[in-house]
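File shown: structure36.txt. Contents: compact mmCIF, C-alpha atoms and all ligand atoms.
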```txt
# COMPACT_ATOMS: atom_id res chain seq x y z
CA MET A 1 38.45 -65.51 -50.45
CA LYS A 2 36.52 -62.30 -50.98
CA VAL A 3 34.36 -62.43 -54.08
CA ASN A 4 32.79 -59.64 -56.07
CA THR A 5 30.02 -58.57 -53.76
CA ASP A 6 27.87 -57.01 -56.49
CA GLU A 7 27.44 -60.48 -57.88
CA TYR A 8 25.64 -61.52 -54.73
CA GLN A 9 23.60 -58.44 -54.06
CA LYS A 10 20.21 -59.52 -52.69
CA LYS A 11 20.95 -63.20 -53.16
CA THR A 12 19.68 -65.53 -50.46
CA ALA A 13 21.10 -68.80 -49.20
CA LEU A 14 19.74 -71.56 -47.00
CA VAL A 15 22.39 -73.35 -44.93
CA THR A 16 21.31 -76.37 -42.90
CA GLY A 17 23.11 -77.00 -39.63
CA GLY A 18 24.40 -73.44 -39.39
CA SER A 19 24.56 -73.19 -35.62
CA LYS A 20 28.02 -74.66 -35.19
CA GLY A 21 31.00 -76.23 -36.88
CA ILE A 22 31.40 -75.94 -40.63
CA GLY A 23 27.85 -74.62 -41.18
CA ARG A 24 28.42 -71.71 -38.82
CA GLU A 25 31.55 -70.73 -40.73
CA VAL A 26 29.61 -70.93 -44.00
CA VAL A 27 26.91 -68.64 -42.63
CA LYS A 28 29.53 -66.08 -41.57
CA LEU A 29 31.38 -66.22 -44.87
CA LEU A 30 28.20 -65.85 -46.94
CA ALA A 31 27.09 -62.91 -44.79
CA LYS A 32 30.46 -61.24 -45.27
CA ASN A 33 29.98 -61.65 -48.99
CA ASN A 34 26.66 -59.82 -48.87
CA ILE A 35 24.43 -62.86 -49.14
CA ASN A 36 21.30 -63.06 -47.03
CA VAL A 37 21.33 -66.26 -45.01
CA ILE A 38 18.65 -68.43 -43.53
CA PHE A 39 20.24 -71.14 -41.47
CA THR A 40 18.76 -74.05 -39.60
CA TYR A 41 19.78 -75.63 -36.35
CA ASN A 42 18.53 -78.57 -34.38
CA LYS A 43 18.75 -78.01 -30.62
CA ASN A 44 21.48 -75.49 -30.22
CA TYR A 45 19.36 -72.34 -29.98
CA LYS A 46 21.92 -70.51 -27.82
CA ALA A 47 24.56 -70.91 -30.52
CA ALA A 48 22.01 -69.90 -33.18
CA TYR A 49 21.07 -66.71 -31.31
CA ALA A 50 24.74 -65.91 -30.67
CA LEU A 51 25.42 -66.22 -34.39
CA MET A 52 22.55 -63.90 -35.29
CA GLU A 53 23.83 -61.44 -32.70
CA GLU A 54 27.38 -61.68 -34.03
CA LEU A 55 26.21 -60.90 -37.57
CA LYS A 56 23.64 -58.26 -36.75
CA ASP A 57 25.79 -55.45 -38.15
CA CYS A 58 26.23 -57.14 -41.51
CA ASN A 59 24.40 -55.53 -44.36
CA VAL A 60 22.24 -58.61 -44.96
CA PHE A 61 19.50 -60.42 -43.09
CA ILE A 62 20.40 -63.50 -41.09
CA THR A 63 17.68 -65.76 -39.72
CA GLY A 64 17.99 -68.97 -37.76
CA ILE A 65 15.13 -71.46 -37.97
CA PRO A 66 14.95 -74.50 -35.69
CA CYS A 67 14.42 -77.69 -37.63
CA ASP A 68 15.12 -81.25 -36.58
CA LEU A 69 15.88 -82.97 -39.88
CA ASN A 70 14.70 -86.18 -38.26
CA ASN A 71 11.22 -84.78 -37.90
CA GLN A 72 9.09 -84.62 -41.05
CA SER A 73 6.64 -82.00 -39.81
CA GLU A 74 9.49 -79.69 -38.81
CA ILE A 75 11.04 -80.11 -42.26
CA ASP A 76 7.71 -79.32 -43.91
CA HIS A 77 7.36 -76.26 -41.73
CA LEU A 78 10.82 -75.12 -42.80
CA VAL A 79 9.95 -75.64 -46.49
CA THR A 80 6.71 -73.68 -46.15
CA THR A 81 8.48 -70.83 -44.37
CA ILE A 82 11.10 -70.59 -47.09
CA LEU A 83 8.64 -70.85 -49.98
CA TYR A 84 6.36 -68.16 -48.64
CA THR A 85 8.77 -65.87 -46.85
CA TYR A 86 11.97 -66.12 -48.86
CA PRO A 87 10.96 -67.33 -52.32
CA ASN A 88 14.00 -65.78 -54.04
CA LEU A 89 16.32 -68.54 -52.96
CA HIS A 90 19.60 -68.74 -54.89
CA PHE A 91 21.78 -71.03 -52.90
CA LEU A 92 21.24 -74.18 -50.90
CA VAL A 93 23.95 -75.67 -48.72
CA ASN A 94 22.93 -79.06 -47.35
CA ASN A 95 25.45 -79.15 -44.55
CA ALA A 96 23.70 -80.57 -41.47
CA GLY A 97 24.95 -84.00 -40.64
CA THR A 98 25.21 -86.47 -37.84
CA ASN A 99 27.03 -89.71 -37.13
CA ILE A 100 26.43 -92.67 -34.85
CA ASP A 101 29.61 -94.70 -35.16
CA LYS A 102 29.52 -98.39 -34.21
CA PRO A 103 30.65 -101.68 -35.65
CA PHE A 104 28.07 -102.73 -38.24
CA SER A 105 26.95 -105.72 -36.16
CA GLN A 106 25.93 -103.39 -33.33
CA ILE A 107 24.04 -100.85 -35.38
CA LYS A 108 20.39 -100.73 -34.37
CA ASP A 109 17.60 -99.87 -36.80
CA ASP A 110 17.28 -96.43 -35.26
CA ASP A 111 21.01 -95.75 -35.62
CA TRP A 112 20.80 -96.63 -39.29
CA HIS A 113 17.65 -94.65 -40.07
CA ASN A 114 18.63 -91.56 -38.08
CA VAL A 115 21.95 -91.18 -39.89
CA ILE A 116 20.47 -91.90 -43.34
CA GLN A 117 17.56 -89.53 -42.63
CA VAL A 118 19.56 -86.51 -41.46
CA ASN A 119 22.41 -86.82 -43.96
CA LEU A 120 20.80 -88.22 -47.09
CA ASN A 121 16.99 -88.16 -47.00
CA ALA A 122 16.74 -84.64 -45.64
CA THR A 123 19.22 -83.41 -48.25
CA ALA A 124 17.18 -84.94 -51.07
CA TYR A 125 13.81 -83.86 -49.67
CA LEU A 126 14.78 -80.26 -49.00
CA THR A 127 16.46 -79.96 -52.38
CA GLN A 128 13.40 -81.34 -54.15
CA LYS A 129 10.99 -78.99 -52.40
CA LEU A 130 13.15 -75.91 -52.96
CA LEU A 131 14.56 -76.81 -56.35
CA ARG A 132 12.19 -74.81 -58.51
CA ARG A 133 13.00 -71.64 -56.58
CA ILE A 134 16.70 -72.26 -57.26
CA LEU A 135 16.06 -73.04 -60.92
CA ILE A 136 14.21 -69.77 -61.32
CA GLN A 137 17.06 -67.83 -59.76
CA GLN A 138 19.67 -69.88 -61.67
CA GLY A 139 21.29 -70.55 -58.32
CA SER A 140 23.52 -73.32 -57.11
CA VAL A 141 23.54 -76.19 -54.60
CA VAL A 142 26.38 -77.58 -52.50
CA ASN A 143 25.96 -80.78 -50.52
CA VAL A 144 28.39 -81.63 -47.76
CA THR A 145 29.49 -85.23 -47.95
CA SER A 146 32.63 -86.82 -46.47
CA ILE A 147 35.72 -88.74 -47.51
CA SER A 148 34.05 -91.54 -45.57
CA GLY A 149 31.51 -91.75 -48.41
CA ILE A 150 34.37 -92.31 -50.87
CA THR A 151 36.82 -94.55 -49.01
CA GLY A 152 34.58 -96.03 -46.31
CA ALA A 153 35.60 -96.02 -42.66
CA ILE A 154 35.50 -98.57 -39.86
CA GLY A 155 32.44 -98.02 -37.67
CA GLN A 156 30.73 -95.77 -40.21
CA THR A 157 28.68 -98.10 -42.41
CA ASN A 158 25.55 -95.98 -41.93
CA TYR A 159 27.37 -92.65 -42.31
CA SER A 160 29.41 -93.83 -45.32
CA ALA A 161 26.27 -95.14 -47.01
CA ALA A 162 24.52 -91.81 -46.49
CA LYS A 163 27.48 -89.76 -47.67
CA ALA A 164 28.07 -91.99 -50.72
CA GLY A 165 24.35 -91.59 -51.47
CA ILE A 166 24.76 -87.83 -51.45
CA ILE A 167 27.54 -88.09 -54.04
CA GLY A 168 25.37 -90.17 -56.40
CA PHE A 169 22.39 -87.91 -55.80
CA THR A 170 24.52 -84.88 -56.63
CA ARG A 171 25.87 -86.36 -59.85
CA SER A 172 22.39 -87.25 -61.13
CA LEU A 173 20.73 -84.01 -60.12
CA ALA A 174 23.52 -82.03 -61.78
CA LYS A 175 22.71 -83.82 -65.04
CA GLU A 176 18.99 -83.08 -64.66
CA VAL A 177 19.25 -79.38 -63.90
CA GLY A 178 22.27 -78.37 -65.97
CA THR A 179 19.89 -77.22 -68.67
CA PHE A 180 18.65 -74.55 -66.24
CA ASN A 181 22.20 -73.32 -65.70
CA VAL A 182 22.01 -74.60 -62.14
CA ARG A 183 25.03 -76.38 -60.70
CA VAL A 184 25.05 -79.02 -57.99
CA ASN A 185 28.27 -80.08 -56.32
CA CYS A 186 29.62 -81.78 -53.21
CA VAL A 187 32.37 -80.93 -50.82
CA ALA A 188 33.99 -83.92 -49.12
CA PRO A 189 35.89 -82.81 -46.03
CA GLY A 190 38.56 -84.94 -44.47
CA TYR A 191 39.09 -84.54 -40.71
CA ILE A 192 38.05 -81.04 -39.69
CA GLU A 193 38.31 -79.58 -36.19
CA THR A 194 34.68 -79.44 -35.07
CA GLU A 195 32.61 -81.12 -32.35
CA MET A 196 32.06 -84.00 -34.75
CA LEU A 197 35.61 -85.11 -34.01
CA ASP A 198 34.99 -85.17 -30.24
CA SER A 199 34.08 -88.83 -30.45
CA VAL A 200 37.35 -89.75 -32.22
CA PRO A 201 40.02 -90.98 -29.73
CA SER A 202 43.13 -88.77 -29.54
CA THR A 203 45.40 -91.63 -30.62
CA ASN A 204 43.39 -91.90 -33.82
CA ILE A 205 43.68 -88.16 -34.38
CA LYS A 206 47.46 -88.44 -34.02
CA ARG A 207 47.53 -91.25 -36.57
CA ILE A 208 45.29 -89.31 -38.96
CA LYS A 209 47.56 -86.27 -38.81
CA LYS A 210 50.56 -88.48 -39.59
CA GLN A 211 48.79 -89.99 -42.60
CA THR A 212 47.72 -86.61 -43.94
CA ALA A 213 50.08 -85.02 -46.47
CA LEU A 214 49.76 -81.62 -44.77
CA LYS A 215 50.28 -83.24 -41.31
CA ARG A 216 47.37 -81.47 -39.63
CA LEU A 217 43.59 -81.45 -39.32
CA GLY A 218 41.59 -79.08 -41.48
CA ASN A 219 39.77 -76.07 -40.15
CA LYS A 220 36.17 -74.97 -40.71
CA LYS A 221 37.16 -71.91 -42.70
CA GLU A 222 38.92 -74.06 -45.29
CA ILE A 223 35.69 -75.95 -45.93
CA ALA A 224 33.55 -72.81 -45.90
CA GLU A 225 35.81 -71.16 -48.49
CA THR A 226 35.47 -74.20 -50.74
CA ILE A 227 31.69 -74.12 -50.40
CA LEU A 228 31.61 -70.42 -51.27
CA PHE A 229 33.81 -71.09 -54.29
CA LEU A 230 31.50 -73.83 -55.57
CA LEU A 231 28.42 -71.65 -55.07
CA SER A 232 29.99 -68.69 -56.85
CA ASP A 233 30.37 -67.98 -60.55
CA LYS A 234 34.07 -68.69 -60.16
CA ALA A 235 33.00 -72.34 -60.40
CA SER A 236 30.70 -71.71 -63.36
CA TYR A 237 31.86 -74.78 -65.31
CA ILE A 238 31.94 -77.19 -62.39
CA THR A 239 28.90 -79.37 -61.75
CA GLY A 240 28.20 -82.87 -60.46
CA GLN A 241 31.61 -82.95 -58.80
CA THR A 242 32.87 -83.87 -55.37
CA LEU A 243 35.68 -81.64 -54.26
CA ILE A 244 37.79 -83.44 -51.67
CA VAL A 245 39.24 -81.10 -49.04
CA ASP A 246 41.30 -83.38 -46.82
CA GLY A 247 44.85 -82.05 -46.76
CA GLY A 248 45.97 -84.97 -48.87
CA LEU A 249 44.71 -87.82 -46.68
CA ILE A 250 43.13 -90.18 -49.21
CA MET B 251 -9.15 -64.05 -72.86
CA ILE B 252 -5.38 -64.06 -72.83
CA ASN B 253 -3.95 -61.55 -75.30
CA GLN B 254 -2.28 -62.73 -78.49
CA GLU B 255 1.13 -61.41 -77.53
CA LYS B 256 1.28 -63.44 -74.33
CA LYS B 257 -0.17 -66.47 -76.11
CA ASP B 258 2.55 -66.22 -78.77
CA HIS B 259 5.19 -65.89 -76.11
CA ILE B 260 3.96 -69.05 -74.37
CA LEU B 261 3.76 -70.96 -77.66
CA SER B 262 7.33 -69.92 -78.50
CA LEU B 263 8.50 -71.17 -75.12
CA ILE B 264 6.72 -74.51 -75.58
CA ALA B 265 8.09 -74.88 -79.13
CA GLU B 266 11.61 -74.15 -77.93
CA ILE B 267 11.47 -76.48 -74.95
CA ALA B 268 9.73 -79.39 -76.74
CA ASP B 269 11.84 -78.76 -79.87
CA ILE B 270 8.85 -78.65 -82.24
CA GLN B 271 7.37 -76.15 -84.67
CA LYS B 272 5.08 -73.55 -83.18
CA ASP B 273 2.49 -74.28 -85.89
CA ASP B 274 2.26 -77.89 -84.75
CA ILE B 275 0.97 -76.85 -81.33
CA LYS B 276 -2.80 -76.66 -80.88
CA ASP B 277 -4.51 -75.09 -77.89
CA GLU B 278 -6.02 -78.41 -76.94
CA SER B 279 -2.78 -80.42 -77.40
CA THR B 280 -1.76 -82.31 -74.32
CA PHE B 281 1.86 -82.13 -73.18
CA GLU B 282 2.13 -85.82 -73.97
CA GLU B 283 0.98 -85.28 -77.58
CA ILE B 284 3.65 -82.67 -78.21
CA GLY B 285 6.34 -84.80 -76.58
CA MET B 286 6.72 -82.68 -73.47
CA ASP B 287 7.92 -84.86 -70.59
CA SER B 288 7.85 -83.92 -66.92
CA LEU B 289 11.31 -82.34 -66.97
CA MET B 290 10.33 -80.20 -69.96
CA ALA B 291 7.13 -79.21 -68.14
CA LEU B 292 9.27 -78.15 -65.21
CA GLU B 293 11.44 -76.10 -67.54
CA LEU B 294 8.30 -74.50 -68.97
CA ALA B 295 7.08 -73.61 -65.48
CA VAL B 296 10.45 -72.10 -64.61
CA ARG B 297 10.58 -70.06 -67.80
CA ILE B 298 7.00 -68.84 -67.35
CA GLU B 299 7.70 -67.77 -63.78
CA ARG B 300 10.87 -66.02 -64.82
CA GLU B 301 9.57 -64.33 -67.96
CA PHE B 302 6.03 -63.47 -66.87
CA GLU B 303 6.80 -62.88 -63.18
CA VAL B 304 4.05 -65.13 -61.91
CA PHE B 305 4.31 -67.58 -59.04
CA ILE B 306 3.28 -71.15 -59.78
CA GLN B 307 2.58 -73.30 -56.76
CA GLU B 308 3.61 -76.94 -56.81
CA GLU B 309 -0.05 -78.09 -56.82
CA GLU B 310 -0.85 -75.82 -59.75
CA LEU B 311 2.03 -77.20 -61.73
CA MET B 312 0.53 -80.69 -61.45
CA ASN B 313 -2.69 -79.40 -63.00
CA LEU B 314 -1.03 -78.09 -66.14
CA ARG B 315 -1.55 -80.90 -68.67
CA LYS B 316 -2.58 -79.12 -71.87
CA VAL B 317 -1.37 -76.07 -73.72
CA GLU B 318 -4.66 -74.30 -73.02
CA ASP B 319 -4.21 -74.98 -69.29
CA VAL B 320 -1.07 -72.86 -69.49
CA PHE B 321 -2.94 -70.01 -71.22
CA LEU B 322 -5.67 -70.18 -68.61
CA PHE B 323 -3.17 -70.26 -65.78
CA VAL B 324 -1.27 -67.25 -67.08
CA GLU B 325 -4.52 -65.43 -67.71
CA GLN B 326 -5.82 -66.10 -64.21
CA GLY B 327 -2.45 -66.28 -62.47
CA GLY B 328 -2.22 -62.56 -61.99
CA PHE B 329 0.81 -61.00 -63.57
CA ILE B 330 2.77 -58.68 -61.40
CA ASP B 331 3.06 -56.16 -64.22
N1 LIG C 1 34.04 -82.36 -38.93
C1 LIG C 1 34.49 -83.23 -39.79
O1 LIG C 1 35.61 -83.71 -39.64
C2 LIG C 1 33.69 -83.64 -40.99
C3 LIG C 1 34.29 -84.50 -41.92
C4 LIG C 1 33.59 -84.88 -43.04
C5 LIG C 1 32.30 -84.42 -43.25
N2 LIG C 1 31.72 -83.59 -42.33
C6 LIG C 1 30.35 -83.14 -42.59
O2 LIG C 1 30.28 -81.74 -42.49
C7 LIG C 1 28.98 -81.36 -42.09
C8 LIG C 1 29.08 -80.43 -40.89
O3 LIG C 1 29.72 -81.12 -39.85
P1 LIG C 1 30.40 -80.40 -38.57
O4 LIG C 1 31.69 -81.07 -38.34
O5 LIG C 1 30.32 -78.96 -38.72
O6 LIG C 1 29.39 -80.95 -37.45
P2 LIG C 1 28.87 -80.28 -36.11
O7 LIG C 1 29.85 -79.30 -35.57
O8 LIG C 1 28.49 -81.45 -35.26
O9 LIG C 1 27.55 -79.50 -36.59
C9 LIG C 1 26.49 -80.23 -37.14
C10 LIG C 1 25.37 -79.30 -37.48
O10 LIG C 1 24.29 -80.09 -37.99
C11 LIG C 1 23.15 -79.88 -37.15
N3 LIG C 1 22.41 -81.11 -36.94
C12 LIG C 1 22.84 -82.26 -36.39
N4 LIG C 1 21.82 -83.15 -36.30
C13 LIG C 1 20.74 -82.53 -36.82
C14 LIG C 1 19.38 -82.90 -36.97
N5 LIG C 1 18.89 -84.08 -36.57
N6 LIG C 1 18.54 -82.00 -37.51
C15 LIG C 1 18.98 -80.79 -37.89
N7 LIG C 1 20.24 -80.38 -37.77
C16 LIG C 1 21.12 -81.24 -37.22
C17 LIG C 1 23.67 -79.34 -35.83
O11 LIG C 1 22.65 -78.57 -35.17
P3 LIG C 1 22.68 -78.34 -33.56
O12 LIG C 1 23.90 -77.52 -33.28
O13 LIG C 1 21.43 -77.59 -33.23
O14 LIG C 1 22.75 -79.71 -32.97
C18 LIG C 1 24.84 -78.51 -36.31
O15 LIG C 1 24.41 -77.24 -36.74
C19 LIG C 1 28.23 -82.63 -41.79
O16 LIG C 1 27.44 -83.00 -42.90
C20 LIG C 1 29.34 -83.65 -41.61
O17 LIG C 1 28.90 -84.95 -41.89
C21 LIG C 1 32.40 -83.19 -41.20
```
This structure in structure tokens:
Amino acid sequence: MKVNTDEYQKKTALVTGGSKGIGREVVKLLAKNNINVIFTYNKNYKAAYALMEELKDCNVFITGIPCDLNNQSEIDHLVTTILYTYPNLHFLVNNAGTNIDKPFSQIKDDDWHNVIQVNLNATAYLTQKLLRRILIQQGSVVNVTSISGITGAIGQTNYSAAKAGIIGFTRSLAKEVGTFNVRVNCVAPGYIETEMLDSVPSTNIKRIKKQTALKRLGNKKEIAETILFLLSDKASYITGQTLIVDGGLI
Amino acid sequence: MINQEKKDHILSLIAEIADIQKDDIKDESTFEEIGMDSLMALELAVRIEREFEVFIQEEELMNLRKVEDVFLFVEQGGFID
């Protein structure tokens, strides 16, 4: 989808977890639509630099900032950088996510807290700290959740809890900030071909494809396009919603 | 002193957000007295930033408790005009 680029002139987006997978595709799509992008990454600085290099000829600025969303001082540093260096923030895409899949009985405290922190707490914290900037710009927020947060999934009690939390958070925040003409929505991907699926056994992937109406996995671009749609004015009457993009799996 | 035009503008914003008559707002009224809750105060801050082109830091926002605090802030806040 190519949207009216004038609409986005000089607008700035923050995308968490932009170094690879879905986030990387979002960064590229926003850049192509003339939106300045600040993206974060955790460890993958080579991928982050490669992305900046790849987009260097775009007519917008692209900046990658390292930030471990499990580390409070790094998050605070990110917030300070954004507030003072890029205060005209329009869009926030809380995309970074992680999973540690195990049967519930084997989940250690750290496994629980890490997954809740990166997926849910960091989403809420970043949004809270940057919200007023977005309200002033009458921007928009998209949070990346998962079908696992809607249906549940074996071995994903921590991940499902975090992703379900994001859906509730999104619904409530949308109600609070609607008066500012700011929209907050979720995208819930099904099974998308990224490194996150590396841990899923190939027999399970086969079964998932069979159970999916479209008989295939999704690709990153399909999620990125949905995120762009929800950020854009094309979705101007959609807020508090979770858009499921799963090829008809659930 | 803040000029009358800006003061009027701020009072109109407060009246609109708190859904009260402008005449019912006194300089020394607290937000609580005029029924302005924290979400309304946030809306006021956003509108002031947008319409007066000033930058309100989070810590400063916490210090705005009375109508006259808002006048003082805008007066000292340094418009970018
Ligand atoms: N792929 C799927 O099938 C699927 C399905 C449903 C929902 N989702 C959701 O979609 C989002 C993107 O997933 P993806 O498949 O694109 O995953 P991915 O390829 O594994 O990429 C994850 C991104 O998040 C970052 N990240 C991970 N842990 C982090 C941490 N502690 N601090 C900061 N950043 C961290 C990574 O940074 P580094 O590269 O630096 O590590 C990377 O940029 C996630 O929220 C995920 O839960 C994915």
| field | Within 6 Å of ligand LIG 1 (chain C), counting only C-alpha atoms and all ligand atoms, residues as a VMD selection string | value | chain A and resid 17 to 23 41 to 44 67 to 70 95 to 98 118 144 to 146 189 to 197
If you keep C-alpha atoms, can you produce a file of those selected residues as a compact mmCIF listing (two decimals), in the coordinates of the input?
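To be explicit, this is the file written out as again13.txt:
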```
# COMPACT_ATOMS: atom_id res chain seq x y z
CA GLY A 17 23.11 -77.00 -39.63
CA GLY A 18 24.40 -73.44 -39.39
CA SER A 19 24.56 -73.19 -35.62
CA LYS A 20 28.02 -74.66 -35.19
CA GLY A 21 31.00 -76.23 -36.88
CA ILE A 22 31.40 -75.94 -40.63
CA GLY A 23 27.85 -74.62 -41.18
CA TYR A 41 19.78 -75.63 -36.35
CA ASN A 42 18.53 -78.57 -34.38
CA LYS A 43 18.75 -78.01 -30.62
CA ASN A 44 21.48 -75.49 -30.22
CA CYS A 67 14.42 -77.69 -37.63
CA ASP A 68 15.12 -81.25 -36.58
CA LEU A 69 15.88 -82.97 -39.88
CA ASN A 70 14.70 -86.18 -38.26
CA ASN A 95 25.45 -79.15 -44.55
CA ALA A 96 23.70 -80.57 -41.47
CA GLY A 97 24.95 -84.00 -40.64
CA THR A 98 25.21 -86.47 -37.84
CA VAL A 118 19.56 -86.51 -41.46
CA VAL A 144 28.39 -81.63 -47.76
CA THR A 145 29.49 -85.23 -47.95
CA SER A 146 32.63 -86.82 -46.47
CA PRO A 189 35.89 -82.81 -46.03
CA GLY A 190 38.56 -84.94 -44.47
CA TYR A 191 39.09 -84.54 -40.71
CA ILE A 192 38.05 -81.04 -39.69
CA GLU A 193 38.31 -79.58 -36.19
CA THR A 194 34.68 -79.44 -35.07
CA GLU A 195 32.61 -81.12 -32.35
CA MET A 196 32.06 -84.00 -34.75
CA LEU A 197 35.61 -85.11 -34.01
```
| said: Should the cut-off be 12 Å, what would the residue list for chain A against chain B look like, counting all atoms listed in the file, as a PyMOL selection string? | reply: chain A and resi 80+83-84+87-88+128-138+173+175-182
Write the selection just made, keeping C-alpha atoms, as a compact mmCIF listing (two decimals), in the coordinates of the input?
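Generated file (result_4.txt):
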```txt
# COMPACT_ATOMS: atom_id res chain seq x y z
CA THR A 80 6.71 -73.68 -46.15
CA LEU A 83 8.64 -70.85 -49.98
CA TYR A 84 6.36 -68.16 -48.64
CA PRO A 87 10.96 -67.33 -52.32
CA ASN A 88 14.00 -65.78 -54.04
CA GLN A 128 13.40 -81.34 -54.15
CA LYS A 129 10.99 -78.99 -52.40
CA LEU A 130 13.15 -75.91 -52.96
CA LEU A 131 14.56 -76.81 -56.35
CA ARG A 132 12.19 -74.81 -58.51
CA ARG A 133 13.00 -71.64 -56.58
CA ILE A 134 16.70 -72.26 -57.26
CA LEU A 135 16.06 -73.04 -60.92
CA ILE A 136 14.21 -69.77 -61.32
CA GLN A 137 17.06 -67.83 -59.76
CA GLN A 138 19.67 -69.88 -61.67
CA LEU A 173 20.73 -84.01 -60.12
CA LYS A 175 22.71 -83.82 -65.04
CA GLU A 176 18.99 -83.08 -64.66
CA VAL A 177 19.25 -79.38 -63.90
CA GLY A 178 22.27 -78.37 -65.97
CA THR A 179 19.89 -77.22 -68.67
CA PHE A 180 18.65 -74.55 -66.24
CA ASN A 181 22.20 -73.32 -65.70
CA VAL A 182 22.01 -74.60 -62.14
```
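Here atom CA of Ile38 of chain A and atom CA of Ile62 of chain A stand 5.8 Å from one another.
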| query | atom CA of Thr242 of chain A and atom CA of Ile167 of chain A are how many Å apart? | reply | 6.9 Å
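In this structure, atom CA of Ser232 of chain A sits 17.4 Å away from atom CA of Val60 of chain A.
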| task | Do a neighbour search on Ile264 of chain B at 7 Å with only C-alpha atoms, toss out local chain neighbours closer than 4 positions, and write the hits as a ChimeraX atom specification. | result | /B:260,268,294
